[in-house]
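Before any comments, here is the structure.
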Amino acid sequence: MLRSRTIFAIILACLSLTGTAQTRKIQNKPYIDLRPMHFGILVGMNMQDIEFENAGPQTITLEDGTTHEETIVCDDDRWNSGFSVGVLADLRLSQYLNLRFSPTMHFGAKHLTFRNLTETDQEGRQIETTQDMKNTYISLPINLKFSAERWNNYRPYITAGVNPTLNLTSKNQEYIQLKKSDMFLEVGLGCDFYLPFFKLIPELKFCYSLRDAIDHDHAQELQDANLRKYTNAVTRGCSKMIVLTFYFE
């Protein structure tokens with residue numbers, strides 16, 4: 001019995017020493033979060049997608065005046081990776097709350113596939129047409145950052161906000177064209193890592209468009225009337241992005 005009590009006391013002592021060692025770990029940059037405002041840069045990667053609502057059957061008028069019905073569906077059939085770069089301004093509101101403004105450029109693309117469910121080729125397969133839609137966005141996100149208590153040299157957080165964007169690229173004779181501006185709702189999570197000379201912040205963010213991103217007037221601008229059936233096949237499109245960002249403060 002005495003031996004068991006001794007072993008139990010030794011284990012408790014070891015656990016106590018271990019806990020004490022963890023709480024006494026030297027903190028890097030201990031006062032960096034007390035600054036009223038600080039700045040940084042960011043680099044990362046993004047994955048772009050767009051969710052379509054299809055129009056269903058549509059009446060096609062041929063050059064000779066005859067009409068027939070076709071059903072064309074459009075889908076962004078894969079996530080496409082891109083590159084992101086920008087700057088960060090962080091305003092301290094309280095011990096756990098910060099306001100962040102991070103102008104960013106997102107370089108990426110979307111891959112669209114149109115499937116004609118009415119017509120088939122000589123082998124009986126549905127006719128498919130594709131479009132590579134390259135996008136360069138200037139985004140101006142404003143987010144609130146809710147941070148947990150700092151523990152040694154890391155501090156997890158969540159973030160939420162809105163992200164107005166400008167689309168800088170367009171091709172006038174493509175099937176689908178996006179509007180010049182959009183508005184995203186975004187939520188994310190990350191963690192502050194306090195290194196000896198700077199703070200590294202990896203963050204994963206999910207962005208979803210709040211409005212229809214499709215330019216529906218684009219169909220009237222197409223010189224080739226045969227392309228309009230693909231443009232008119234979509235009634236609504238909402239863009240989505242997943243962004244993995246590394247901030248350096």
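Labeling convention for the structure tokens: chains A, B, ... as they appear, residues from 1 per chain, ligands from 1 in order of appearance.
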Self-check item: Glu174 (chain A) environment, 12 Å, only C-alpha atoms, sequence neighbours closer than 2 positions dropped, as a list in words
Solution: Leu112, Thr129, Thr130, Gln131, Asp132, Met133, Lys134, Thr169, Ser170, Lys171, Asn172, Ile176, Gln177, Leu178, Asp215, His218, Ala219, Glu221, Leu222, Gln223, Asp224, Asn226, Leu227, Arg228, Tyr230 and Thr231 of chain A
Exercise. Would you mind listing what lies within 12 Å of Cys238 (chain A) as a PyMOL selection string, with only C-alpha atoms counted and same-chain residues fewer than 2 positions away left out?
Key: chain A and resi 48-53+75-76+178-179+182-185+207-215+234-236+240-241
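Neighbouring residues of Lys205 (chain A) at 7 Å or closer, counting only C-alpha atoms and skipping chain neighbours under 5 positions away, are Glu186, Val187, Gly188, Leu189, Ile242, Val243 and Leu244 of chain A.
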Quiz item: as a ChimeraX atom specification, which residues of region 20-230 of chain A does DSSP assign to strand (DSSP E or B)?
Solution: /A:37-54,57-61,67-76,80-92,97-101,104-120,126-139,142-147,151,154-167,178,181-194,199-209,214
Practice problem: Provide the CA of Ile142 (chain A) to CA of Asn28 (chain A) distance in Å, to one decimal place. | Solution: 27.8 Å
Can you check which residues of region 20-60 of chain A DSSP gives as alpha helix (DSSP H) on the backbone and send them as a PDB file with all heavy atoms, in the first residue's frame?
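The resulting file, out-v8.pdb, is reproduced below:
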```pdb
ATOM      1  N   THR A  20       3.362  22.999 -15.001  1.00  0.00           N
ATOM      2  CA  THR A  20       4.085  24.231 -14.704  1.00  0.00           C
ATOM      3  C   THR A  20       5.022  24.610 -15.824  1.00  0.00           C
ATOM      4  O   THR A  20       5.156  25.775 -16.197  1.00  0.00           O
ATOM      5  CB  THR A  20       4.854  24.067 -13.384  1.00  0.00           C
ATOM      6  OG1 THR A  20       3.947  23.708 -12.353  1.00  0.00           O
ATOM      7  CG2 THR A  20       5.584  25.349 -13.028  1.00  0.00           C
ATOM      8  N   ALA A  21       5.698  23.611 -16.424  1.00  0.00           N
ATOM      9  CA  ALA A  21       6.628  23.886 -17.519  1.00  0.00           C
ATOM     10  C   ALA A  21       5.893  24.449 -18.726  1.00  0.00           C
ATOM     11  O   ALA A  21       6.384  25.342 -19.414  1.00  0.00           O
ATOM     12  CB  ALA A  21       7.364  22.590 -17.906  1.00  0.00           C
ATOM     13  N   GLN A  22       4.669  23.943 -18.973  1.00  0.00           N
ATOM     14  CA  GLN A  22       3.920  24.445 -20.121  1.00  0.00           C
ATOM     15  C   GLN A  22       3.484  25.879 -19.890  1.00  0.00           C
ATOM     16  O   GLN A  22       3.561  26.704 -20.791  1.00  0.00           O
ATOM     17  CB  GLN A  22       2.706  23.548 -20.363  1.00  0.00           C
ATOM     18  CG  GLN A  22       3.064  22.180 -20.921  1.00  0.00           C
ATOM     19  CD  GLN A  22       1.825  21.332 -21.150  1.00  0.00           C
ATOM     20  OE1 GLN A  22       0.743  21.686 -20.708  1.00  0.00           O
ATOM     21  NE2 GLN A  22       1.993  20.218 -21.819  1.00  0.00           N
ATOM     22  N   THR A  23       3.008  26.214 -18.705  1.00  0.00           N
ATOM     23  CA  THR A  23       2.530  27.563 -18.468  1.00  0.00           C
ATOM     24  C   THR A  23       3.675  28.567 -18.402  1.00  0.00           C
ATOM     25  O   THR A  23       3.461  29.759 -18.614  1.00  0.00           O
ATOM     26  CB  THR A  23       1.724  27.618 -17.160  1.00  0.00           C
ATOM     27  OG1 THR A  23       2.539  27.143 -16.085  1.00  0.00           O
ATOM     28  CG2 THR A  23       0.488  26.739 -17.263  1.00  0.00           C
TER      29      THR A  23
END
```
Self-check item: Residues near His38 (chain A), cut-off 9 Å, only C-alpha atoms, skip fewer than 3 positions along chain, as a list in words
Solution: Ile32, Asp33, Arg35, Leu88, Ala89, Asp90, Leu91, Arg92 and Glu249 of chain A
Please, which residues in region 166-204 of chain A fall within 7 Å of region 151-155 of chain A when counting only C-alpha atoms, and what is the closest atom pair and distance in Å to one decimal for each, ordered by chain then residue number, as CSV?
```
residue,atom,partner,partner_atom,distance
A:Cys191,CA,A:Arg155,CA,5.4
A:Asp192,CA,A:Arg155,CA,4.9
A:Phe193,CA,A:Tyr154,CA,4.6
A:Tyr194,CA,A:Asn153,CA,4.9
```
Quiz item: Could you pull the residues within 6 Å of Val43 (chain A), counting only C-alpha atoms, minus those fewer than 6 positions along the same chain, as a PyMOL selection string?
Solution: chain A and resi 84-85+245-246
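The space between CA of Trp79 (chain A) and CA of Lys110 (chain A) spans 7.4 Å.
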Quiz item: Mind pulling up the distance from CA of Gly108 (chain A) to CA of Glu203 (chain A)?
Solution: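 According to the coordinates, CA of Glu203 (chain A) and CA of Gly108 (chain A) are separated by 18.7 Å.
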